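Novice: Have a look at this one.
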Amino acid sequence: MSDPVISVENLGKKYLLSHQSGNGEGLRHALERSFTAPARWLASRFRAAAAPPPKAKTEEEFWALRDVSFAVEPGEVVGIIGRNGAGKSTLLKILSRITEPTSGRVRIQGRVASLLEVGTGFHPELTGRENIFLNGAILGMSRAEIRAKFDEIVAFSEVERFLDTPVKRYSSGMYVRLAFSVAAHLEPEILIIDEVLAVGDAQFQKKCLGKMGEVSAKQGRTVLFVSHNMGAVAALCTKAVVLGQGRVIHPCGPTAGAIDHYLANLGAGTLIPLRDRTDREGRGGLRVTGFSLHDPQGNPLSHLISGQPAQLRLHYEAAPGTTSGRITGTCSLYSQGRHVSTLSSDLTGNEFADFPPRGTIRCTVPRLPLAEGGYLANLMIRRNGEIEDWIREGVDLKVENGDFFGTGRSVPATHGGTLIDQEWTVSADQSHDA
Amino acid sequence: MPSSPGLILEAGRGEKHYWRDLWKYRELFYFLAWRDVVIRYKQTVVGVLWALLRPLLTTVVLTVTFSKIARIAAPAGTPYAMIVLAGMLPWTLFSGAFSGGSSSLVGNANLISKVYFPRLILPASAVIVGFVEFLISLVMLALLMAWYGIAPSLRLLTLPLFTVVAIAAAAGPSIWIGALNVRYRDFTQIVPFLLLLGAYLSPVAYTTDHVFANDHLPAAWKFLYALNPMVGVIDGFRWAILGGDFPIRWPTFLLSLAVIAALLIGGIRYFRHTEKTFADVI
């Protein structure tokens with residue numbers, strides 16, 4: 001066994017969460033502290049033997065990563081999987097030297113390039129050509145390297161005609177294609193990639209996955225890959241490690257086992273509460289504040305059962321100015337990274353006018369057609385057709401095995417995600433040439 | 001595997017190769033400076049001419065207000081506009097570099113939170129942008145000297161030296177306040193205010209003689225005045241451009257150099273001390 005190119009030992013990263021609203025980090029606070037420092041120093045001298053000084057109650061420690069260890073051998077493609085808030089991004093930030101660990105250490109052998117975002121440093125006023133050079137330099141390429149690969153990058157991006165147009169005039173698809181093309185032509189020994197493939201159209205995504213697969217397979221490059229797309233992880237990665245709440249919950253090993261472990265643990269309630277989610281999109285006039293499952297009588301449920309009636313409730317609050325319009329609720333269900341189904345009052349044509357400022361949008365499914373397993377749901381509220389709030393992977397749902405077909409037999413999970421009402425008959429073929 | 005010694009990341013580990021790393025990233029430094037110069041004049045009609053027009057218009061306004069309205073006396077034989085321009089050039093260099101440098105980290109927050117590079121590149125390249133504009137505005141100096149028929153003397157060859165001092169004067173506070181700005185956005189408010197005051201507290205539209213030869217001012221005030229590093233820099237510029245009537249006061253100039261060095265060293269130390277937490281705080 002050769003030496004690992006990346007070895008992570010007992011890595012930890014602590015953040016201090018400030019619970020004061022805003023000015024705790026302000027200059028005034030710092031000035032006050034520096035003016036009172038002598039007094040506090042004196043006080044601490046007198047108190048030295050007694051209890052330790054009381055900690056400021058406005059700060060709370062939060063370990064984004066704790067005791068994380070794993071090793072990556074040269075040429076491996078390792079997937080890092082885990083839910084939102086599992087610590088994946090923090091891990092990548094430490095490995096890319098953007099932030100420093102609080103404890104533990106990492107040893108890296110070789111040139112690292114990290115891709116935490118597509119098009120980092122792209123400037124809207126600059127042309128495509130100019131941005132290729134700027135972005136290349138930001139990602140760590142030398143000018144000579146960029147010049148040598150320039151034609152290849154342009155050809156890959158399919159935006160030749162607009163090379164001298166400022167990228168602010170690009171469509172978002174063109175922008176992403178150009179940005180990814182630069183990144184795809186990086187030639188580091190170690191490539192660190194965050195969820196960047198989640199952008200762009202499906203066809204281009206496939207092209208990029210192909211390019212990355214080629215890079216790692218043919219050129220023996222080591223890749224660390226973070227994704228929610230289990231399909232991509234399964235296709236690309238030779239190994240995977242599962243993180244949960246800042247810890248390794250499944251050690252680095254064969255991809256299939258890691259994915260199974262990840263999926264089996266969906267529904268274990270490790271998501272960040274909806275109110276605390278900061279990575280939401282939309283105009284913010286209404287916010288999803290909660291989600292709950294109920295039976296038709298309104299009794300809360302912890303999980304759903306195949307074939308049973310189910311009620312999904314989307315709790316929301318409107319901002320003070322948001323009083324008029326028509327709202328709709330949407331809940332898109334994902335399983336193993338694939339979109340399974342969409343429950344949406346946009347689809348059923350139920351738009352709610354005169355909505356209360358705090359309320360609940362309810363969706364009743366008479367006979368749940370989902371197979372046993374864990375599902376993630378994107379939650380969205382629209383008003384007058386515009387997205388007010390959109391939380392990706394907002395909640396997880398656990399569906400238990402149930403008697404969907406009314407046969408007394410349950411459907412094994414291995415039989416696939418969606419259950420469809422079906423009728424089967426048999427009849428004799430009529431013979432024509434008899 | 002290339003036999004690289006390997007990189008170790010752990011808490012509180014000082015960058016052993018900090019300055020070598022900085023050198024390795026010189027191309028990024030170049031690209032960032034180039035970006036800032038290019039985008040400044042994108043979608044403008046007269047483009048880079050703005051770098052000439054700004055000092056010209058300021059010089060005209062200051063000359064009229066200080067010389068014609070306030071009737072401040074100047075050494076005979078030197079056009080007041082030349083006195084103002086000789087002060088304007090280093091002051092514009094300083095204020096451009098300082099305001100750019102002090103906001104460079106916050107302005108590039110997306111880069112800081114997504115890519116590694118020695119962060120010192122950001123304020124440094126912003127300061128260089130100020131220098132590029134300064135080079136362009138030198139055309140204004142040549143034009144005005146020709147207009148007034150002032151022959152350049154050998155002293156003009158010392159101008160690069162004073163330019164370096166002016167850049168150093170801007171770099172120190174840029175680096176320091178740039179780093180402070182990451183945590184305390186108060187500095188975004190403070191910097192324009194400082195620059196506005198600085199334009200009056202530096203001998204831009206008047207000469208240091210007006211201060212130091214003024215018997216009404218207490219000596220302590222004069223000392224405080226001389227602590228402003230731009231006093232020495234502007235004196236140097238006037239001497240290099242206009243000569244004998246504007247001597248360099250060596251005590252003042254050396255004091256300026258000392259203040260500049262202190263700010264630069266203090267700035268770099270504070271910067272390196274806080275650099276590692278930028279991505280967490282910004």
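Scheme for the structure tokens: letters A, B, ... for chains in order shown; per-chain residue numbers from 1; ligand numbers from 1 in order shown.
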Find the spatial neighbours of Ile167 (chain B), counting only C-alpha atoms, within a cut-off of 12 Å - ignore same-chain residues fewer than 3 positions away - and output them as a VMD selection string.
Specialist: chain B and resid 89 to 98 101 123 to 132 134 160 to 164 170 to 175 229 to 230 233 257 260 to 261 264
Novice: So that I can see what lies close to region 144-159 of chain B, please list as a ChimeraX atom specification the residues with an atom at most 9 Å from it, counting only C-alpha atoms and leaving out residues fewer than 2 positions away in the same chain.
Specialist: /B:79,81-82,85,139-142,161-164,236-237,239-243
Novice: Give me, as a ChimeraX atom specification, the contact residues of chain B against chain A at a cut-off of 8 Å, counting only C-alpha atoms.
Specialist: /B:1-2,4-12,27-28,31-32,35,39,42,110-116,183-186,276-280
Novice: Tell me, as number ranges by chain, which residues lie within 10 Å of region 318-325 of chain A, counting only C-alpha atoms; anything in the same chain fewer than 2 positions away does not count.
Specialist: A: 284-289, 316, 327, 351-359, 382-385, 388
Novice: Quick check, in Å to one decimal: how far apart do CA of Pro296 (chain A) and CA of Val365 (chain A) lie?
Specialist: 9.2 Å
